[in-house]
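Visitor: If it helps, the file is called run-v1.cif and holds mmCIF, C-alpha atoms:
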data_input
loop_
_atom_site.label_atom_id
_atom_site.label_comp_id
_atom_site.auth_asym_id
_atom_site.auth_seq_id
_atom_site.Cartn_x
_atom_site.Cartn_y
_atom_site.Cartn_z
CA MET A 1 -83.16 234.14 -18.21
CA ARG A 2 -82.23 234.62 -14.54
CA ALA A 3 -80.01 237.61 -15.38
CA VAL A 4 -82.80 239.18 -17.44
CA ALA A 5 -85.25 238.77 -14.56
CA VAL A 6 -82.87 240.40 -12.09
CA ILE A 7 -82.17 243.35 -14.41
CA ALA A 8 -85.90 243.82 -15.04
CA LEU A 9 -86.70 243.86 -11.33
CA LEU A 10 -83.90 246.32 -10.60
CA SER A 11 -85.05 248.61 -13.39
CA LEU A 12 -88.53 248.92 -11.82
CA CYS A 13 -87.06 250.73 -8.81
CA THR A 14 -84.44 252.88 -10.57
CA VAL A 15 -86.34 256.19 -10.28
CA HIS A 16 -86.95 255.73 -6.57
CA ALA A 17 -83.36 254.63 -5.99
CA ARG A 18 -81.91 257.70 -7.73
CA ALA A 19 -83.89 259.97 -5.44
CA GLN A 20 -82.45 258.22 -2.37
CA SER A 21 -78.81 258.06 -3.47
CA SER A 22 -77.61 260.67 -1.01
CA VAL A 23 -75.15 260.85 1.86
CA HIS A 24 -78.09 261.82 4.06
CA ASP A 25 -79.39 258.25 3.80
CA PHE A 26 -76.37 257.04 5.78
CA ARG A 27 -75.64 256.90 9.49
CA LEU A 28 -72.03 257.88 10.22
CA GLY A 29 -69.86 256.49 12.99
CA GLY A 30 -66.36 256.96 14.34
CA ALA A 31 -64.19 259.37 12.35
CA ALA A 32 -66.55 259.52 9.32
CA ARG A 33 -67.72 262.95 8.13
CA VAL A 34 -69.77 264.23 5.18
CA LEU A 35 -67.63 265.86 2.48
CA ASN A 36 -70.41 267.01 0.16
CA GLU A 37 -73.79 265.84 -1.18
CA GLU A 38 -72.14 262.86 -2.84
CA CYS A 39 -69.16 261.77 -0.74
CA ILE A 40 -68.32 260.73 2.81
CA ARG A 41 -64.81 260.77 4.27
CA LEU A 42 -64.51 257.58 6.29
CA THR A 43 -61.12 258.54 7.72
CA PRO A 44 -58.95 261.65 7.45
CA ASP A 45 -55.20 261.29 6.93
CA ALA A 46 -54.57 260.75 10.64
CA GLN A 47 -53.35 257.85 12.78
CA TYR A 48 -55.34 255.21 14.65
CA LEU A 49 -58.87 255.91 13.48
CA SER A 50 -61.87 253.96 12.21
CA GLY A 51 -64.98 255.26 10.52
CA SER A 52 -68.19 253.90 9.07
CA ALA A 53 -71.14 254.91 6.90
CA TRP A 54 -74.23 252.66 7.09
CA PHE A 55 -77.37 252.86 4.99
CA LYS A 56 -80.09 253.69 7.49
CA GLU A 57 -82.49 250.93 6.48
CA PRO A 58 -81.78 247.20 6.14
CA ILE A 59 -81.85 245.35 2.85
CA ASP A 60 -83.52 242.03 2.05
CA LEU A 61 -81.27 239.14 0.97
CA ASP A 62 -84.26 237.53 -0.75
CA ALA A 63 -84.40 240.42 -3.24
CA PRO A 64 -81.88 241.62 -5.88
CA PHE A 65 -80.00 244.87 -5.42
CA GLU A 66 -77.04 246.77 -6.79
CA MET A 67 -74.83 249.41 -5.18
CA ARG A 68 -72.85 251.69 -7.48
CA LEU A 69 -70.24 253.57 -5.50
CA SER A 70 -66.81 255.15 -5.93
CA VAL A 71 -63.97 254.85 -3.45
CA VAL A 72 -60.89 257.00 -2.90
CA LEU A 73 -58.11 255.32 -0.95
CA GLY A 74 -55.76 258.27 -0.57
CA LYS A 75 -52.59 259.46 -2.28
CA LYS A 76 -49.89 257.81 -0.17
CA ASP A 77 -48.81 254.45 -1.52
CA VAL A 78 -45.98 252.92 0.54
CA LEU A 79 -46.69 255.15 3.54
CA GLY A 80 -50.48 254.88 3.37
CA ALA A 81 -52.94 252.54 5.11
CA ASP A 82 -55.15 250.65 5.76
CA GLY A 83 -58.15 250.27 3.44
CA ILE A 84 -61.93 250.25 2.99
CA VAL A 85 -64.48 247.45 3.47
CA PHE A 86 -67.97 247.02 1.99
CA VAL A 87 -69.81 245.09 4.67
CA PHE A 88 -73.09 243.42 5.61
CA HIS A 89 -73.86 243.33 9.35
CA THR A 90 -76.85 242.98 11.62
CA ALA A 91 -76.51 246.51 13.06
CA PRO A 92 -74.88 249.82 11.99
CA ARG A 93 -71.69 249.79 14.08
CA THR A 94 -68.04 250.87 13.77
CA GLY A 95 -65.39 248.22 14.30
CA PHE A 96 -61.74 248.31 15.27
CA ARG A 97 -59.15 250.63 13.70
CA GLY A 98 -55.88 249.89 11.91
CA GLU A 99 -55.56 246.64 9.99
CA ALA A 100 -59.11 245.75 11.08
CA MET A 101 -60.31 248.58 8.76
CA GLY A 102 -63.37 249.45 10.83
CA VAL A 103 -64.93 245.99 10.45
CA GLY A 104 -62.95 244.07 13.08
CA GLY A 105 -65.17 242.91 15.90
CA LEU A 106 -68.41 243.03 13.87
CA VAL A 107 -70.02 239.62 14.38
CA PRO A 108 -71.81 238.31 12.39
CA SER A 109 -70.64 240.11 9.26
CA PHE A 110 -69.57 239.54 5.69
CA GLY A 111 -67.17 242.04 4.13
CA ILE A 112 -65.38 242.81 0.88
CA GLU A 113 -62.09 244.51 1.66
CA LEU A 114 -60.00 246.82 -0.48
CA ASP A 115 -56.79 246.43 1.51
CA THR A 116 -53.96 248.86 0.74
CA TYR A 117 -51.35 247.75 3.28
CA GLN A 118 -49.44 244.50 3.62
CA ASN A 119 -49.77 242.96 7.07
CA LEU A 120 -47.49 239.94 6.86
CA HIS A 121 -48.96 238.23 9.92
CA ARG A 122 -52.37 238.40 8.21
CA GLY A 123 -51.11 236.63 5.09
CA ASP A 124 -51.54 239.75 2.90
CA PRO A 125 -49.89 239.87 -0.52
CA GLU A 126 -47.38 242.64 -1.26
CA VAL A 127 -49.80 244.53 -3.51
CA ASP A 128 -53.20 246.15 -2.91
CA HIS A 129 -55.87 243.47 -2.92
CA LEU A 130 -59.53 242.57 -2.60
CA GLY A 131 -60.46 239.98 0.00
CA TRP A 132 -63.49 238.32 1.59
CA LEU A 133 -63.90 238.77 5.35
CA ILE A 134 -66.18 236.77 7.63
CA ASP A 135 -66.93 238.18 11.08
CA GLY A 136 -64.37 240.95 10.60
CA ASP A 137 -61.41 238.57 10.34
CA ALA A 138 -58.92 240.19 7.93
CA SER A 139 -56.56 237.21 7.83
CA HIS A 140 -55.84 235.23 4.66
CA GLY A 141 -54.62 231.71 4.19
CA ARG A 142 -56.61 230.13 7.01
CA ASP A 143 -58.87 227.14 6.47
CA ARG A 144 -61.94 229.29 5.86
CA GLU A 145 -64.03 229.57 2.72
CA ALA A 146 -63.67 233.36 2.61
CA ALA A 147 -59.93 233.47 3.30
CA SER A 148 -58.88 234.34 -0.23
CA PHE A 149 -57.87 237.46 -2.11
CA VAL A 150 -57.51 238.97 -5.58
CA GLU A 151 -54.42 241.06 -6.34
CA LEU A 152 -55.16 244.58 -7.64
CA HIS A 153 -53.24 247.49 -9.14
CA ASN A 154 -52.24 250.41 -6.91
CA LEU A 155 -55.39 252.05 -5.51
CA GLU A 156 -53.69 254.82 -3.54
CA ASP A 157 -53.47 257.23 -6.45
CA GLY A 158 -55.93 259.89 -5.28
CA ALA A 159 -58.44 258.88 -7.97
CA ARG A 160 -62.07 257.79 -7.64
CA HIS A 161 -62.40 254.09 -8.38
CA PRO A 162 -65.90 252.91 -9.36
CA LEU A 163 -67.09 250.00 -7.21
CA ARG A 164 -70.21 248.01 -8.12
CA ILE A 165 -71.74 245.39 -5.83
CA THR A 166 -74.51 243.23 -7.35
CA TRP A 167 -76.60 240.68 -5.46
CA ASP A 168 -78.60 238.01 -7.30
CA PRO A 169 -80.71 235.94 -4.87
CA GLU A 170 -81.99 233.43 -7.45
CA GLY A 171 -81.11 229.79 -6.82
CA GLU A 172 -78.08 229.58 -4.58
CA GLY A 173 -77.47 233.27 -5.19
CA SER A 174 -74.30 235.20 -5.98
CA LEU A 175 -72.52 238.39 -4.95
CA GLU A 176 -70.55 240.03 -7.77
CA VAL A 177 -67.90 242.73 -7.36
CA ALA A 178 -66.71 245.04 -10.14
CA LEU A 179 -63.91 247.57 -9.68
CA ASP A 180 -62.93 250.21 -12.23
CA GLY A 181 -65.48 248.78 -14.65
CA LYS A 182 -64.17 245.20 -14.52
CA ARG A 183 -65.60 242.22 -12.70
CA VAL A 184 -62.98 241.09 -10.22
CA ALA A 185 -64.78 238.49 -8.11
CA THR A 186 -68.00 236.56 -7.55
CA TYR A 187 -68.91 234.94 -4.26
CA PRO A 188 -71.52 232.19 -3.65
CA GLY A 189 -74.71 233.60 -2.19
CA ARG A 190 -75.26 230.57 0.05
CA SER A 191 -72.06 231.44 1.93
CA VAL A 192 -73.18 235.03 2.48
CA ARG A 193 -76.52 233.79 3.82
CA SER A 194 -74.90 231.22 6.10
CA VAL A 195 -73.04 233.96 7.99
CA PHE A 196 -76.37 235.35 9.18
CA GLY A 197 -78.03 232.06 10.04
CA GLY A 198 -80.94 232.55 7.67
CA GLU A 199 -81.67 236.14 8.68
CA ARG A 200 -82.97 237.93 5.57
CA ARG A 201 -82.65 241.56 6.56
CA VAL A 202 -79.17 242.98 7.16
CA TYR A 203 -77.56 246.40 7.08
CA TRP A 204 -74.92 247.37 4.54
CA GLY A 205 -72.26 250.02 4.69
CA MET A 206 -68.63 251.01 4.23
CA THR A 207 -65.94 251.07 6.90
CA ALA A 208 -62.27 252.09 6.95
CA GLY A 209 -59.35 252.24 9.32
CA THR A 210 -55.91 253.75 9.85
CA GLY A 211 -53.10 252.70 12.16
CA ARG A 212 -49.51 253.88 12.44
CA LEU A 213 -49.83 254.80 8.75
CA SER A 214 -52.86 256.57 7.33
CA ASN A 215 -54.65 257.98 4.29
CA GLU A 216 -57.74 259.99 3.46
CA GLN A 217 -60.32 257.33 2.59
CA ASP A 218 -63.65 258.29 0.99
CA VAL A 219 -66.77 256.66 -0.39
CA CYS A 220 -69.02 258.41 -2.91
CA ILE A 221 -72.61 257.38 -3.64
CA GLU A 222 -73.29 257.01 -7.36
CA ARG A 223 -76.54 255.03 -7.60
CA LEU A 224 -78.40 252.57 -5.41
CA LEU A 225 -80.70 250.10 -7.15
CA LEU A 226 -82.97 248.44 -4.61
CA SER A 227 -85.73 246.00 -5.49
CA ARG A 228 -89.42 246.79 -4.98
CA VAL A 229 -89.59 243.91 -2.52
CA ASP A 230 -86.97 245.59 -0.36
CA LEU A 231 -88.61 249.01 -0.55
CA LYS A 232 -91.98 247.57 0.44
CA ALA A 233 -90.41 245.83 3.42
CA ARG A 234 -88.80 249.07 4.52
CA GLN A 235 -92.05 251.00 4.32
CA GLY A 236 -93.87 248.39 6.38
CA ALA A 237 -91.19 248.19 9.09
#
Now, as a test, write the supplied structure out as C-alpha coordinates.

Guide:
Amino acid sequence: MRAVAVIALLSLCTVHARAQSSVHDFRLGGAARVLNEECIRLTPDAQYLSGSAWFKEPIDLDAPFEMRLSVVLGKKDVLGADGIVFVFHTAPRTGFRGEAMGVGGLVPSFGIELDTYQNLHRGDPEVDHLGWLIDGDASHGRDREAASFVELHNLEDGARHPLRITWDPEGEGSLEVALDGKRVATYPGRSVRSVFGGERRVYWGMTAGTGRLSNEQDVCIERLLLSRVDLKARQGA
(Lines of atoms letter the chains of each structure in order from A and count residues from 1; the text may use other names and numbers.)
(Lines give C-alpha, C1' and ligand atoms only; values in the text may rest on other atoms or scores of the structure.)
Protein backbone atom coordinates (compact mmCIF):
# COMPACT_ATOMS: atom_id res chain seq x y z
CA MET A 1 0.00 0.00 0.00
CA ARG A 2 2.87 2.37 0.83
CA ALA A 3 4.43 1.85 -2.61
CA VAL A 4 1.09 2.53 -4.30
CA ALA A 5 0.67 5.76 -2.34
CA VAL A 6 4.15 6.97 -3.29
CA ILE A 7 3.62 6.19 -6.99
CA ALA A 8 0.24 7.94 -6.94
CA LEU A 9 1.69 11.07 -5.37
CA LEU A 10 4.57 11.16 -7.83
CA SER A 11 2.21 10.74 -10.77
CA LEU A 12 0.27 13.87 -9.77
CA CYS A 13 3.31 16.05 -10.50
CA THR A 14 4.62 14.29 -13.63
CA VAL A 15 3.46 16.95 -16.12
CA HIS A 16 5.03 19.77 -14.14
CA ALA A 17 8.23 17.78 -13.60
CA ARG A 18 8.65 17.06 -17.33
CA ALA A 19 8.49 20.76 -18.10
CA GLN A 20 11.28 21.47 -15.59
CA SER A 21 13.64 18.64 -16.57
CA SER A 22 16.20 20.91 -18.18
CA VAL A 23 19.86 21.74 -17.70
CA HIS A 24 18.76 25.34 -17.14
CA ASP A 25 17.29 24.31 -13.78
CA PHE A 26 20.80 23.60 -12.49
CA ARG A 27 23.48 25.84 -11.05
CA LEU A 28 26.94 24.85 -12.33
CA GLY A 29 30.19 25.09 -10.42
CA GLY A 30 33.86 24.40 -10.97
CA ALA A 31 34.69 22.82 -14.34
CA ALA A 32 31.05 21.95 -15.22
CA ARG A 33 29.67 23.20 -18.54
CA VAL A 34 26.40 22.71 -20.46
CA LEU A 35 26.75 20.31 -23.40
CA ASN A 36 23.23 20.62 -24.81
CA GLU A 37 19.62 20.95 -23.64
CA GLU A 38 19.82 17.58 -21.92
CA CYS A 39 23.38 17.03 -20.68
CA ILE A 40 26.00 18.71 -18.51
CA ARG A 41 29.71 17.90 -18.65
CA LEU A 42 30.87 17.83 -15.04
CA THR A 43 34.53 17.45 -16.00
CA PRO A 44 36.39 17.44 -19.31
CA ASP A 45 39.14 14.89 -19.91
CA ALA A 46 41.73 17.01 -18.09
CA GLN A 47 43.73 16.65 -14.87
CA TYR A 48 42.97 17.95 -11.39
CA LEU A 49 39.45 19.29 -11.80
CA SER A 50 36.13 19.15 -9.97
CA GLY A 51 32.71 20.16 -11.21
CA SER A 52 29.15 20.25 -9.94
CA ALA A 53 25.57 20.69 -11.14
CA TRP A 54 22.98 21.52 -8.45
CA PHE A 55 19.23 21.76 -8.85
CA LYS A 56 18.47 25.40 -8.10
CA GLU A 57 15.73 24.77 -5.56
CA PRO A 58 15.85 22.54 -2.47
CA ILE A 59 13.80 19.39 -2.08
CA ASP A 60 11.73 18.29 0.91
CA LEU A 61 12.76 15.05 2.66
CA ASP A 62 9.22 14.72 4.01
CA ALA A 63 7.90 14.22 0.45
CA PRO A 64 8.56 11.48 -2.14
CA PHE A 65 10.61 12.19 -5.24
CA GLU A 66 12.40 10.43 -8.05
CA MET A 67 15.31 11.55 -10.22
CA ARG A 68 15.81 9.79 -13.56
CA LEU A 69 19.21 10.63 -14.97
CA SER A 70 21.89 9.16 -17.21
CA VAL A 71 25.61 9.30 -16.51
CA VAL A 72 28.60 8.98 -18.82
CA LEU A 73 31.87 8.16 -17.07
CA GLY A 74 34.23 8.45 -20.03
CA LYS A 75 35.95 6.02 -22.37
CA LYS A 76 39.24 5.38 -20.58
CA ASP A 77 39.12 2.38 -18.29
CA VAL A 78 42.50 1.70 -16.65
CA LEU A 79 43.78 5.22 -17.34
CA GLY A 80 40.55 7.01 -16.44
CA ALA A 81 39.34 8.58 -13.18
CA ASP A 82 37.76 9.43 -10.81
CA GLY A 83 33.95 9.20 -10.80
CA ILE A 84 30.59 10.90 -10.24
CA VAL A 85 28.57 11.41 -7.04
CA PHE A 86 24.83 12.03 -6.57
CA VAL A 87 24.70 14.13 -3.43
CA PHE A 88 22.42 15.86 -0.93
CA HIS A 89 23.89 18.94 0.76
CA THR A 90 22.69 22.05 2.54
CA ALA A 91 24.04 24.42 -0.14
CA PRO A 92 25.02 24.20 -3.84
CA ARG A 93 28.82 23.98 -3.61
CA THR A 94 31.71 22.27 -5.40
CA GLY A 95 34.01 20.09 -3.32
CA PHE A 96 37.55 18.87 -3.72
CA ARG A 97 38.96 17.33 -6.91
CA GLY A 98 40.58 13.97 -7.57
CA GLU A 99 39.52 10.99 -5.46
CA ALA A 100 37.16 13.32 -3.55
CA MET A 101 35.06 13.49 -6.78
CA GLY A 102 33.79 17.01 -6.17
CA VAL A 103 32.04 16.08 -2.90
CA GLY A 104 35.01 16.10 -0.53
CA GLY A 105 34.70 18.84 2.05
CA LEU A 106 30.91 19.17 1.76
CA VAL A 107 29.62 18.93 5.34
CA PRO A 108 26.93 17.89 6.08
CA SER A 109 26.25 15.77 3.01
CA PHE A 110 25.07 12.35 1.91
CA GLY A 111 26.34 11.01 -1.40
CA ILE A 112 26.03 8.02 -3.71
CA GLU A 113 29.29 7.55 -5.57
CA LEU A 114 29.97 5.86 -8.88
CA ASP A 115 33.70 5.42 -8.36
CA THR A 116 35.76 4.39 -11.39
CA TYR A 117 39.26 4.35 -9.89
CA GLN A 118 40.79 2.17 -7.20
CA ASN A 119 42.36 4.18 -4.40
CA LEU A 120 43.90 1.51 -2.19
CA HIS A 121 44.29 3.78 0.82
CA ARG A 122 40.54 4.45 0.65
CA GLY A 123 39.68 0.75 0.77
CA ASP A 124 38.32 0.73 -2.81
CA PRO A 125 37.74 -2.58 -4.58
CA GLU A 126 39.59 -3.28 -7.83
CA VAL A 127 36.47 -2.79 -9.95
CA ASP A 128 34.13 0.16 -10.53
CA HIS A 129 31.73 0.44 -7.62
CA LEU A 130 28.84 2.25 -5.98
CA GLY A 131 29.37 3.52 -2.45
CA TRP A 132 27.65 5.59 0.24
CA LEU A 133 29.48 8.73 1.40
CA ILE A 134 28.76 10.75 4.52
CA ASP A 135 30.19 14.26 4.75
CA GLY A 136 32.22 13.73 1.58
CA ASP A 137 34.34 10.92 3.05
CA ALA A 138 35.13 8.54 0.18
CA SER A 139 36.80 5.91 2.37
CA HIS A 140 35.45 2.37 2.77
CA GLY A 141 35.93 -0.13 5.53
CA ARG A 142 35.79 2.30 8.43
CA ASP A 143 33.41 1.84 11.34
CA ARG A 144 30.69 3.97 9.75
CA GLU A 145 27.22 2.93 8.67
CA ALA A 146 27.73 4.28 5.14
CA ALA A 147 31.20 2.83 4.60
CA SER A 148 30.13 0.08 2.23
CA PHE A 149 30.12 -0.49 -1.51
CA VAL A 150 28.57 -2.54 -4.29
CA GLU A 151 30.82 -3.86 -7.06
CA LEU A 152 29.73 -2.89 -10.60
CA HIS A 153 30.67 -3.76 -14.17
CA ASN A 154 32.96 -1.42 -16.11
CA LEU A 155 31.28 1.99 -16.44
CA GLU A 156 34.00 3.70 -18.49
CA ASP A 157 32.71 2.50 -21.84
CA GLY A 158 31.53 5.82 -23.30
CA ALA A 159 27.88 4.79 -22.97
CA ARG A 160 25.01 6.51 -21.16
CA HIS A 161 24.05 4.56 -18.06
CA PRO A 162 20.53 5.22 -16.72
CA LEU A 163 20.56 6.17 -13.03
CA ARG A 164 17.34 6.33 -11.00
CA ILE A 165 17.19 7.68 -7.45
CA THR A 166 13.90 7.14 -5.58
CA TRP A 167 13.07 8.53 -2.14
CA ASP A 168 10.19 7.12 -0.08
CA PRO A 169 9.68 9.13 3.14
CA GLU A 170 7.00 6.87 4.63
CA GLY A 171 7.81 5.29 7.99
CA GLU A 172 11.55 5.19 8.48
CA GLY A 173 11.98 6.01 4.80
CA SER A 174 14.27 4.56 2.15
CA LEU A 175 16.54 5.72 -0.66
CA GLU A 176 16.68 3.33 -3.61
CA VAL A 177 19.29 3.37 -6.38
CA ALA A 178 18.86 1.70 -9.78
CA LEU A 179 21.61 1.61 -12.41
CA ASP A 180 21.16 0.37 -15.98
CA GLY A 181 17.59 -0.62 -15.16
CA LYS A 182 18.48 -2.77 -12.14
CA ARG A 183 18.12 -1.96 -8.46
CA VAL A 184 21.59 -2.06 -6.98
CA ALA A 185 21.12 -0.68 -3.46
CA THR A 186 18.65 0.62 -0.89
CA TYR A 187 19.65 2.81 2.03
CA PRO A 188 17.65 3.47 5.24
CA GLY A 189 15.96 6.85 5.16
CA ARG A 190 16.56 7.46 8.86
CA SER A 191 20.31 7.48 8.20
CA VAL A 192 19.96 10.03 5.41
CA ARG A 193 17.89 12.26 7.68
CA SER A 194 20.33 11.94 10.58
CA VAL A 195 23.11 13.49 8.50
CA PHE A 196 21.15 16.74 8.35
CA GLY A 197 20.04 16.84 11.97
CA GLY A 198 16.34 16.89 11.16
CA GLU A 199 16.58 19.56 8.46
CA ARG A 200 13.88 18.77 5.88
CA ARG A 201 14.97 20.89 2.94
CA VAL A 202 18.26 20.06 1.23
CA TYR A 203 19.79 20.60 -2.19
CA TRP A 204 20.59 17.76 -4.56
CA GLY A 205 23.05 17.58 -7.39
CA MET A 206 25.84 15.73 -9.16
CA THR A 207 29.57 16.24 -8.67
CA ALA A 208 32.68 14.74 -10.28
CA GLY A 209 36.44 14.96 -10.04
CA THR A 210 39.67 14.14 -11.85
CA GLY A 211 43.22 13.86 -10.53
CA ARG A 212 46.41 12.64 -12.17
CA LEU A 213 44.12 10.53 -14.39
CA SER A 214 40.95 11.88 -15.96
CA ASN A 215 37.86 11.26 -18.07
CA GLU A 216 35.00 13.17 -19.62
CA GLN A 217 32.20 12.79 -17.08
CA ASP A 218 28.63 13.83 -17.93
CA VAL A 219 25.17 13.80 -16.40
CA CYS A 220 22.02 13.94 -18.54
CA ILE A 221 18.58 14.90 -17.21
CA GLU A 222 15.89 12.41 -18.21
CA ARG A 223 12.95 13.12 -15.90
CA LEU A 224 12.48 14.65 -12.47
CA LEU A 225 9.43 13.57 -10.50
CA LEU A 226 8.88 15.91 -7.57
CA SER A 227 5.94 15.71 -5.19
CA ARG A 228 3.25 18.40 -5.00
CA VAL A 229 4.30 19.04 -1.41
CA ASP A 230 7.79 19.92 -2.58
CA LEU A 231 6.58 22.13 -5.42
CA LYS A 232 4.27 24.04 -3.09
CA ALA A 233 7.13 24.61 -0.65
CA ARG A 234 9.30 25.94 -3.44
CA GLN A 235 6.66 28.37 -4.64
CA GLY A 236 6.14 29.72 -1.13
CA ALA A 237 9.86 30.16 -0.41

Visitor: Around the point (-82.6, 235.5, -3.6) in the file's coordinates, collect all residues with an atom within 12 Å, using all atoms listed in the file, and return them as a VMD selection string.

Guide: chain A and resid 2 5 to 6 59 to 65 166 to 175 188 to 190 192 to 193 198 200 to 201 227 229 to 230

Visitor: Give me the result of the PyMOL selection byres ((chain A and resi 177) around 8) on this file, residue by residue, as a ChimeraX atom specification.

Guide: /A:163-166,175-176,178-179,183-186

Visitor: In terms of the shortest atom-to-atom distance over all atoms listed in the file, which of A:Leu114, A:Gly29, A:Ser22, A:Val202 is closest to Glu156 (chain A)?

Guide: A:Leu114

Visitor: Given the PyMOL selection byres ((chain A and resi 152) around 9) and the file above, list the residues it selects as a list in words.

Guide: Leu114, Val127, Asp128, His129, Leu130, Val150, Glu151, His153, Asn154, Leu155 and Val184 of chain A

Visitor: Calculate how many Å separate CA of Leu106 (chain A) from CA of Ser148 (chain A), rounding to one decimal.

Guide: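 These two atoms are separated by 19.1 Å.
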
Visitor: Please enumerate the residues selected by the PyMOL selection byres ((chain A and resi 24) around 10) when evaluated against the supplied file, formatted as a PyMOL selection string.

Guide: chain A and resi 20-23+25-28+34+37-38+40+55-56

Visitor: What is the distance, in Å and to one decimal place, between CA of Leu226 (chain A) and CA of Arg68 (chain A)?

Guide: 11.0 Å

Visitor: Identify which of the residues A:Gln217, A:Gln47, A:Ser191, A:Asn36 lies closest to Gly111 (chain A), counting all atoms listed in the file when measuring atom-to-atom distances.

Guide: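 Answer, going by the shortest atom-to-atom distance: A:Ser191.
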
Visitor: Can you tell me, as a ChimeraX atom specification, what residues are no more than 6 Å from region 90-95 of chain A when counting only C-alpha atoms, ignoring any on the same chain fewer than 4 positions away?

Guide: /A:29,52,54,102-105,202-203
